[in-house]
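Taking it in order: structure first as structure tokens, then the write-up.
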Amino acid sequence: MDLGTTILIVMLVLLVLGFPMMVPLTMASVVAFTFYMPIDPKILIQQMVTGISPVALIAVPMFIFAADIVTKGHTANRLIDLAMTFVGHVRGGLAVTTALGCTMFGAVSGSTQATVVAMGGPLRPKMLKAGYKDSFAMALIINASDIAFLIPPSIGMIVFGVVGKVSIGELFLAGIGPGILILLMFSAYCVFYAKRNNIPTIPRMSWAERGKAIVNAGPAIMFPVLIVGGIYLGWVSPTEVAAVSVVYAIILEVMIFKSVKWSELLEIARSTGLITAVVFILVGAGTTFSFVISFAQIPQHVIGALGLEGANSYLILAAICIAFFIGCMFVDPIVVILVLTPIFMPLVRDAGLDPVLVGTLVTLQVAIGSATPPFGCDIFTAIAIFRRPYYEVIRGTPPFIFMLLLAAVILVFVPQIALFLPTMAFR
Amino acid sequence: MLSVLKRLDDGLSVVERQLLGWSIVIMAVNTVANVIMRLGFSSSIFFSEELNQFLIILVTFVGISEAARMGRHIRMSAFTDMLGPQASKIMMIIITLGTAALLFLLAWYSIGYVSSLIQSNRLTPALRIPYYFTVLIVPFGLTVTGIQFVLAAATNIFRPGTHLSYRVEDTFSDADDHHL
Amino acid sequence: EEWKFAHEESPGDVQDLYAQEFKRLVEEKTNGDVTVTVYTYGQLGTENDITELTTAGAVQFSNASPGHLGTFVPEIQVFGVPYLLSQDNEVNKEVLSSSPTIYEGLSKDFESKGLKLYTMYPEGEMVWTTKKKVTQPSEFDGVKFRVMTSPILIESYESFGADPVALPWGEVYSGLQTSVIDAQVNPIFFIESAKFYEVTDYLIYAGQQQYTTTVVSNAAFYEGLSDERKEMLKEVKSELDDFIYEAQQKANAEALDRIKKAKPEIEVIRLNDEQRAAFKEASAGIGDSLVKEVGGDTEEVLKALRKEFGTEM
Ligand code: NA
Ligand code: NA
């Protein structure tokens with residue numbers, strides 16, 4: 001059997017049997033080193049260490065740290081209250097609030113799972129009380145949280161930028177347009193759903209009440225402003241902004257809202273360290289794996305076999321979308337980006353495709369895949385947090401998946417939605 | 001005997017958690033300090049990147065051990081969740097032993113890597129300390145993590161129920177532990 | 001038989017031109033008995049990785065720039081000393097392709113690390129792209145200058161009067177755009193492909209440095225080759241010495257043309273001898289401080305190279 005087939009089988013079998021994800025990835029490399037490539041296996045470790053060494057990766061633990069701090073604190077609730085005062089009186093207003101809240105919190109935290117936890121917790125009971133079906137509420141929370149992937153900061157974009165050597169600053173700006181597009185589509189669907197199911201509304205708020213909510217949420221709204229503005233004004237690099245957002249999270253939750261104690265910060269840092277390790281061992285294992293496939297020139301063979309070399313750029317974009325979408329239905333998004341990006345990047349450059357557009361599309365696919373059965377990781381997070389059975393959690397997702405796929409198609413044909421902001425800022 | 005082992009591991013866990021927490025804090029302080037130095041004093045901390053790289057390697061290889069202890073490594077549990085209690089217990093023993101074996105093999109490889117770095121005298125570019133200092137934690141972390149998985153296998157063999165680690169039982173409510 | 005050649009640049013860049021021509025010549029001269037597979041940037045990891053891969057024998061040939069090689073063979077860092085190379089490129093070509101200091105002296109340091117030094121060649125002058133016009137050291141005051149994380153480069157740019165800043169290269173473009181940094185330095189072909197000119201206003205040729213790269217081979221592999229193969233590789237090297245010298249000049253000239261066309265308002269400044277002398281003088285102490293830091297044979301190597309390049313102080 002050739003190397004490609006062997007490691008694919010090894011990976012899939014170990015993955016499905018339920019081995020920790022680092023096992024399939026490294027076992028594939030061990031098999032390759034032992035039976036196919038006459039190389040000292042110390043290189044396997046060297047690649048693993050290399051994978052976690054890029055300076056830009058520091059952004060990941062820093063954003064997780066900031067997200068952990070705001071998740072523990074009051075930022076989430078204040079953002080919800082704010083959104084409700086503005087759209088609560090519209091039919092479907094609560095659902096729109098949920099979509100908006102998840103988007104805003106996702107923008108802050110950069111993590112879809114943190115968003116499902118932080119926003120889903122307080123919002124789902126409110127929606128159930130207002131008369132929404134649970135399957136709709138959960139599907140909305142899961143999918144709206146995925147917008148977090150697109151709005152900066154985004155861990156997926158950081159990893160794509162590092163592996164694909166694409167400007168992370170440009171990727172961040174490129175995600176905003178599609179993120180807003182999806183938010184609008186979801187909101188429209190929420191209003192439609194509420195009208196059809198006759199969901200009641202709450203009274204319109206006065207401007208005084210709205211003003212009060214703005215003041216209340218004030219410092220929390222500053223979060224995305226600080227992140228995007230800090231990069232835009234040239235105070236900080238995209239990597240550093242992650243560490244600066246930690247400081248802001250501390251100022252917000254510890255000093256202003258006083259919802260987190262100084263003494264709790266070290267405990268939060270420990271939990272951040274733990275999550276970082278769980279992700280980064282996969283980053284390292286993924287690097288080893290992509291070394292193996294590069295060394296054996298597997299991408300060249302696969303792309304040759306698919307007839308993609310020199311193919312039409314739409315065909316290449318379609319292939320990329322499908323590959324990332326399917327990958328994320330089964331595997332953790334970070335791993336998918338790590339494994340697939342090096343395979344496709346040479347093709348992207350040869351075809352003269354804009355790597356920033358590709359990065360945005362990849363991030364979108366990753367977001368969709370993470371919320372798509374059978375194994376989308378957000379579904380598991382939702383199962384764990386809401387304590388509802390698998391089928392109940394996935395039942396309401398099809399309309400959302402459809403809208404997300406539609407957004408991907410729109411993006412392919414109207415790339416300006418993504419490229420408008422980076423072009424204005426950087427080009 | 002067992003209680004001595006448990007005490008030892010508790011101690012190790014405390015050390016690992018302190019390392020994790022402080023590494024993350026130092027990473028944040030180091031990065032922000034670099035920003036302040038640049039914006040306020042137009043100079044940068046020349047070893048800032050290198051310190052962060054060292055910390056991230058430290059966090060990763062210390063953290064995988066603590067993650068194994070807490071049953072937090074990401075895995076796809078769809079298949080094992082479908083199995084009956086007896087079958088899932090057997091499967092868990094296979095998984096934990098297999099993972100331990102792989103980790104010990106990797107630890108062995110990493111000793112080879114570290115010793116080749118010691119021989120090469122390679123220095124880090126900024127601080128000019130021997131490069132192998134930054135990766136000494138790798139064989140340690142892999143070995144200790146391997147031991148955690150052996151303990152998990154033993155727990156599955158000698159105690160009733162299915163266990164992700166010797167501390168954490170695999171139940172529905174732990175489903176969030178499979179993921180971030 | 002398959003030889004693997006890994007370099008640290010993208011397809012079409014200078015190192016790739018060299019590797020592809022190497023592939024063509026080797027395959028031709030061995031009648032296809034040897035096939036050469038070329039790996040470009042990122043495929044096998046970072047610059048340090050490909051050098052380690054070569055010492056481990058996983059790849060047979062690789063490129064490394066002195067900055068990265070310096071962590072393996074510290075003496076090679078002398079090539080980072082400002083104004084070591086001649087202002088006359090014919091001299092540089094001659095010395096880099098056949099210097100006894102390099103191929104007899106430094107070569108031993110490589111062998112002790114399991115590497116065979118195959119060749120060295122210049123990829124072009126290191127050009128400053130800045131937002132502010134700089135023709136003398138005092139004008140560097142307050143300019144945040146991005147350099148690679150290497151003490152000698154940091155010291156050099158400090159001595160020129162700038163504020164050196166370390167930034168990962170992936171953030172250089174947006175860093176220039178947003179003024180996290182005000183300037184950076186690279187060969188012109190790279191400035192063009194990374195689009196750094198879009199976010200700066202001046203291209204300044206100060207003559208302080210050529211971007212030199214080193215092709216190394218695994219020492220055991222090289223020693224194990226038949227005499228015939230070794231002879232063939234020597235022939236290939238000398239043909240490539242001429243080839244790359246011209247290819248490099250052409251690539252850089254074309255890149256500069258494209259930059260001027262894409263951004264006509266960019267100002268290209270070639271410092272005159274007097275202006276260069278001011279920077280040379282400002283950085284006169286860098287060689288000595290490198291000798292102090294690195295030790296070993298550095299002092300002798302530096303002295304001998306200065307003599308060969310005709311740049312004694
Ligand atoms: Na985000
Ligand atoms: Na997934």
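Chain labels A, B, ... are given in the sequence in which chains occur in the structure tokens; within each chain residues are numbered consecutively from 1, and ligands are likewise numbered from 1 in the order shown.
Those residues that approach stretch 156-171 of chain B to within 9 Å, counting only C-alpha atoms, are Ala68, Arg69, Met70, Gly71, Arg72, Pro85, Gln86, Ser88, Lys89, Ile90, Met92, Ile93, Thr96, Gln148, Phe149 and Val150 of chain B; same-chain residues fewer than 6 positions away are not listed.
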Take the residues just selected and output them with C-alpha atoms as a PDB file, in the first residue's frame.
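Final output, result14.pdb:
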ATOM      1  CA  ALA B  68      -4.447  13.680  30.634  1.00  0.00           C
ATOM      2  CA  ARG B  69      -4.880  13.674  34.411  1.00  0.00           C
ATOM      3  CA  MET B  70      -8.141  15.619  34.048  1.00  0.00           C
ATOM      4  CA  GLY B  71      -9.339  13.591  31.034  1.00  0.00           C
ATOM      5  CA  ARG B  72      -9.382  16.713  28.903  1.00  0.00           C
ATOM      6  CA  PRO B  85     -20.552  -0.684  29.526  1.00  0.00           C
ATOM      7  CA  GLN B  86     -18.389  -3.815  29.201  1.00  0.00           C
ATOM      8  CA  SER B  88     -16.636   0.536  26.301  1.00  0.00           C
ATOM      9  CA  LYS B  89     -14.506  -0.403  29.309  1.00  0.00           C
ATOM     10  CA  ILE B  90     -12.413  -2.763  27.178  1.00  0.00           C
ATOM     11  CA  MET B  92     -11.013   2.445  27.012  1.00  0.00           C
ATOM     12  CA  ILE B  93      -8.285   0.093  28.249  1.00  0.00           C
ATOM     13  CA  THR B  96      -5.331   4.383  27.209  1.00  0.00           C
ATOM     14  CA  GLN B 148      -0.995   9.265  33.285  1.00  0.00           C
ATOM     15  CA  PHE B 149      -2.461   7.062  30.566  1.00  0.00           C
ATOM     16  CA  VAL B 150      -0.985   3.928  32.190  1.00  0.00           C
TER      17      VAL B 150
END
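When the distance limit is 10 Å and only C-alpha atoms are what count, the residues near B:Val135, minus those fewer than 6 positions from it on the same chain, are Ile45, Gln46 and Val49 of chain A; Phe54, Ile57, Leu58, Phe61, Ser110, Ile111, Tyr113, Val114 and Leu117 of chain B.
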Check every residue of chain A for an atom within 8 Å of chain B, counting only C-alpha atoms, and provide those that qualify as a PyMOL selection string.
chain A and resi 15-21+23+27+41-46+49+52-55+58+61-62+113+235-236+240+243-244+246+266-278+280-281+375+377+380-381+383-385+387
Would you save the residues of that selection, restricted to N, CA and C atoms, as a short mmCIF file (atom, residue, chain, number, x, y, z; two decimals), in the first residue's frame?
data_model
loop_
_atom_site.label_atom_id
_atom_site.label_comp_id
_atom_site.auth_asym_id
_atom_site.auth_seq_id
_atom_site.Cartn_x
_atom_site.Cartn_y
_atom_site.Cartn_z
N LEU A 15 -9.03 7.47 14.89
CA LEU A 15 -9.94 8.59 15.19
C LEU A 15 -11.32 8.05 15.58
N VAL A 16 -11.84 7.16 14.74
CA VAL A 16 -13.19 6.64 14.96
C VAL A 16 -13.24 5.80 16.23
N LEU A 17 -12.15 5.06 16.52
CA LEU A 17 -12.15 4.23 17.72
C LEU A 17 -12.16 5.08 18.98
N GLY A 18 -11.89 6.37 18.85
CA GLY A 18 -12.00 7.25 20.01
C GLY A 18 -10.68 7.53 20.71
N PHE A 19 -9.56 7.28 20.04
CA PHE A 19 -8.28 7.66 20.63
C PHE A 19 -8.21 9.20 20.73
N PRO A 20 -7.48 9.72 21.74
CA PRO A 20 -7.30 11.17 21.77
C PRO A 20 -6.74 11.63 20.43
N MET A 21 -7.22 12.78 19.96
CA MET A 21 -6.92 13.27 18.61
C MET A 21 -5.43 13.31 18.29
N VAL A 23 -3.29 11.16 18.93
CA VAL A 23 -2.80 9.82 18.57
C VAL A 23 -2.90 9.56 17.07
N MET A 27 0.45 9.09 15.15
CA MET A 27 0.65 7.69 14.75
C MET A 27 0.85 7.61 13.23
N PRO A 41 13.88 9.48 13.48
CA PRO A 41 12.58 9.89 14.05
C PRO A 41 12.65 11.12 14.96
N LYS A 42 13.88 11.55 15.31
CA LYS A 42 13.96 12.78 16.11
C LYS A 42 13.37 13.97 15.33
N ILE A 43 13.38 13.86 13.98
CA ILE A 43 12.81 14.92 13.14
C ILE A 43 11.32 15.10 13.45
N LEU A 44 10.68 13.98 13.81
CA LEU A 44 9.26 14.02 14.16
C LEU A 44 9.04 14.98 15.34
N ILE A 45 9.93 14.87 16.33
CA ILE A 45 9.82 15.74 17.51
C ILE A 45 10.19 17.18 17.12
N GLN A 46 11.23 17.31 16.30
CA GLN A 46 11.64 18.65 15.86
C GLN A 46 10.48 19.37 15.19
N VAL A 49 7.88 20.53 17.73
CA VAL A 49 8.30 21.74 18.45
C VAL A 49 8.20 22.95 17.52
N ILE A 52 4.75 24.57 17.20
CA ILE A 52 4.22 25.44 18.25
C ILE A 52 5.13 26.63 18.50
N SER A 53 6.18 26.80 17.70
CA SER A 53 7.12 27.89 17.93
C SER A 53 6.80 29.25 17.29
N PRO A 54 5.99 29.30 16.21
CA PRO A 54 5.79 30.63 15.60
C PRO A 54 5.30 31.65 16.62
N VAL A 55 5.93 32.81 16.61
CA VAL A 55 5.62 33.84 17.60
C VAL A 55 4.14 34.23 17.54
N ILE A 58 1.21 32.95 19.86
CA ILE A 58 0.98 33.47 21.21
C ILE A 58 -0.43 34.07 21.31
N PRO A 61 -3.24 31.49 23.11
CA PRO A 61 -3.47 31.48 24.56
C PRO A 61 -3.93 32.83 25.10
N MET A 62 -3.45 33.92 24.51
CA MET A 62 -3.84 35.23 25.02
C MET A 62 -5.34 35.49 24.82
N GLN A 113 -16.80 28.10 20.93
CA GLN A 113 -17.28 27.33 22.08
C GLN A 113 -17.49 28.21 23.30
N TRP A 235 -0.88 50.83 17.00
CA TRP A 235 -0.30 50.74 18.34
C TRP A 235 0.28 49.35 18.57
N VAL A 236 -0.42 48.37 18.06
CA VAL A 236 -0.03 47.00 18.35
C VAL A 236 -0.17 46.12 17.11
N GLU A 240 0.11 41.04 19.28
CA GLU A 240 0.16 41.74 20.56
C GLU A 240 -1.22 42.13 21.05
N ALA A 243 -2.65 40.04 23.70
CA ALA A 243 -2.19 40.26 25.08
C ALA A 243 -2.81 41.53 25.65
N VAL A 244 -2.96 42.54 24.78
CA VAL A 244 -3.57 43.79 25.24
C VAL A 244 -5.03 43.53 25.63
N VAL A 246 -6.15 40.91 26.97
CA VAL A 246 -6.13 40.32 28.31
C VAL A 246 -6.15 41.44 29.35
N LEU A 266 -5.17 33.82 38.59
CA LEU A 266 -4.17 32.76 38.39
C LEU A 266 -4.85 31.43 38.08
N GLU A 267 -6.00 31.19 38.73
CA GLU A 267 -6.74 29.96 38.44
C GLU A 267 -7.23 29.96 36.99
N ILE A 268 -7.70 31.13 36.54
CA ILE A 268 -8.14 31.25 35.14
C ILE A 268 -6.96 31.01 34.21
N ALA A 269 -5.80 31.56 34.58
CA ALA A 269 -4.60 31.37 33.75
C ALA A 269 -4.23 29.90 33.66
N ARG A 270 -4.40 29.17 34.77
CA ARG A 270 -4.07 27.73 34.74
C ARG A 270 -4.99 27.02 33.78
N SER A 271 -6.29 27.37 33.83
CA SER A 271 -7.22 26.69 32.93
C SER A 271 -6.91 27.08 31.48
N THR A 272 -6.51 28.33 31.26
CA THR A 272 -6.08 28.75 29.92
C THR A 272 -4.90 27.91 29.46
N GLY A 273 -3.94 27.73 30.36
CA GLY A 273 -2.75 26.94 30.03
C GLY A 273 -3.12 25.52 29.63
N LEU A 274 -4.08 24.97 30.35
CA LEU A 274 -4.50 23.60 30.08
C LEU A 274 -5.13 23.50 28.68
N ILE A 275 -6.05 24.44 28.39
CA ILE A 275 -6.71 24.42 27.07
C ILE A 275 -5.68 24.65 25.97
N THR A 276 -4.75 25.59 26.22
CA THR A 276 -3.70 25.87 25.25
C THR A 276 -2.92 24.60 24.92
N ALA A 277 -2.57 23.85 25.95
CA ALA A 277 -1.81 22.63 25.74
C ALA A 277 -2.60 21.63 24.90
N VAL A 278 -3.89 21.50 25.23
CA VAL A 278 -4.73 20.55 24.51
C VAL A 278 -4.80 20.91 23.03
N PHE A 280 -2.51 23.01 21.41
CA PHE A 280 -1.19 23.11 20.79
C PHE A 280 -0.51 21.77 20.57
N ILE A 281 -0.84 20.77 21.37
CA ILE A 281 -0.24 19.46 21.09
C ILE A 281 -0.78 18.97 19.72
N PHE A 375 -20.15 15.26 13.50
CA PHE A 375 -19.23 15.45 14.62
C PHE A 375 -18.88 16.90 14.90
N CYS A 377 -17.93 20.17 16.39
CA CYS A 377 -17.55 20.25 17.80
C CYS A 377 -18.51 21.15 18.58
N PHE A 380 -21.26 19.16 20.14
CA PHE A 380 -20.90 18.48 21.38
C PHE A 380 -20.90 19.45 22.55
N THR A 381 -20.39 20.67 22.28
CA THR A 381 -20.40 21.66 23.35
C THR A 381 -21.83 21.92 23.79
N ILE A 383 -24.46 19.94 23.46
CA ILE A 383 -24.98 18.77 24.17
C ILE A 383 -24.55 18.83 25.64
N ALA A 384 -23.27 19.18 25.83
CA ALA A 384 -22.73 19.19 27.18
C ALA A 384 -23.36 20.29 28.03
N ILE A 385 -23.54 21.48 27.44
CA ILE A 385 -24.00 22.61 28.24
C ILE A 385 -25.50 22.57 28.47
N ARG A 387 -27.43 19.93 28.10
CA ARG A 387 -27.88 18.61 28.56
C ARG A 387 -29.11 18.13 27.78
#
As a ChimeraX atom specification, please: every residue in stretch 11-214 of chain C that a backbone DSSP assignment puts in helix (DSSP H, G or I).
/C:14-29,47-55,66-69,74-80,89-98,100-111,137-140,151-160,169-177,188-193,196-199
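Closest to ligand 1 among A:Thr115, A:Gln365, A:Thr71, A:Ser313 is A:Thr115, based on only C-alpha atoms and all ligand atoms.
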Could you write out as a ChimeraX atom specification the residues of chain A within 6 Å of chain C, counting only C-alpha atoms?
/A:39,233-234,291,294
Can I get the selection written as a tab-separated table (two decimals), in the first residue's frame, with N, CA, C and O atoms?
chain	number	residue	atom	x	y	z
A	39	ILE	N	14.23	8.36	7.70
A	39	ILE	CA	14.68	9.54	8.40
A	39	ILE	C	14.73	9.27	9.89
A	39	ILE	O	13.89	8.54	10.43
A	233	LEU	N	-4.70	51.59	14.21
A	233	LEU	CA	-3.93	52.79	14.51
A	233	LEU	C	-2.43	52.51	14.64
A	233	LEU	O	-1.64	53.42	14.81
A	234	GLY	N	-2.07	51.23	14.57
A	234	GLY	CA	-0.65	50.91	14.59
A	234	GLY	C	-0.04	50.93	15.97
A	234	GLY	O	1.16	51.05	16.14
A	291	PHE	N	4.34	17.83	7.64
A	291	PHE	CA	5.71	17.57	7.17
A	291	PHE	C	5.74	16.26	6.38
A	291	PHE	O	6.31	16.19	5.29
A	294	SER	N	4.10	16.71	3.01
A	294	SER	CA	4.93	17.52	2.11
A	294	SER	C	6.13	16.74	1.64
A	294	SER	O	6.49	16.76	0.47
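With only C-alpha atoms as the atoms that count, the minimum distance from chain B to the choices C:Ala206, C:Ala262, C:Leu153, C:Ile191 is reached by C:Leu153.
Those residues of chain C that fall within 6 Å of chain B when using only C-alpha atoms read C:Thr71, C:Phe72, C:Ser150, C:Pro151, C:Asp163, C:Val165.
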Within 12 Å of C:Glu239, counting only C-alpha atoms, which residues qualify if same-chain residues fewer than 6 places away don't, as a PyMOL selection string?
chain C and resi 18+21-22+24-26+97+119+232-233+245-246
Output of the above residues as an mmCIF file, in the first residue's frame, restricted to C-alpha atoms:
data_model
loop_
_atom_site.group_PDB
_atom_site.id
_atom_site.type_symbol
_atom_site.label_atom_id
_atom_site.label_comp_id
_atom_site.auth_asym_id
_atom_site.auth_seq_id
_atom_site.Cartn_x
_atom_site.Cartn_y
_atom_site.Cartn_z
ATOM 1 C CA TYR C 18 19.314 28.265 -8.200
ATOM 2 C CA GLU C 21 18.932 25.072 -12.361
ATOM 3 C CA PHE C 22 20.837 22.733 -10.023
ATOM 4 C CA ARG C 24 18.333 20.597 -14.388
ATOM 5 C CA LEU C 25 22.121 20.328 -14.513
ATOM 6 C CA VAL C 26 22.411 17.354 -12.153
ATOM 7 C CA SER C 97 32.532 31.569 -5.053
ATOM 8 C CA THR C 119 28.501 27.155 -2.183
ATOM 9 C CA MET C 232 30.094 16.429 -11.427
ATOM 10 C CA LEU C 233 28.924 18.499 -8.456
ATOM 11 C CA TYR C 245 25.079 35.910 -10.409
ATOM 12 C CA GLU C 246 23.312 36.988 -13.584
#
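Proximity ranking of A:Ala148, A:Ala217, A:Met119, A:Ala296 relative to ligand 1 places A:Ala148 first, based on only C-alpha atoms and all ligand atoms.
Distances to A:Ala242 were evaluated for A:Ala28, A:Leu57, A:Val117, A:Met37 using only C-alpha atoms, and the minimum falls at A:Leu57.
From atom CA of C:Phe243 back to atom CA of C:Asn31, the distance works out to 21.0 Å.
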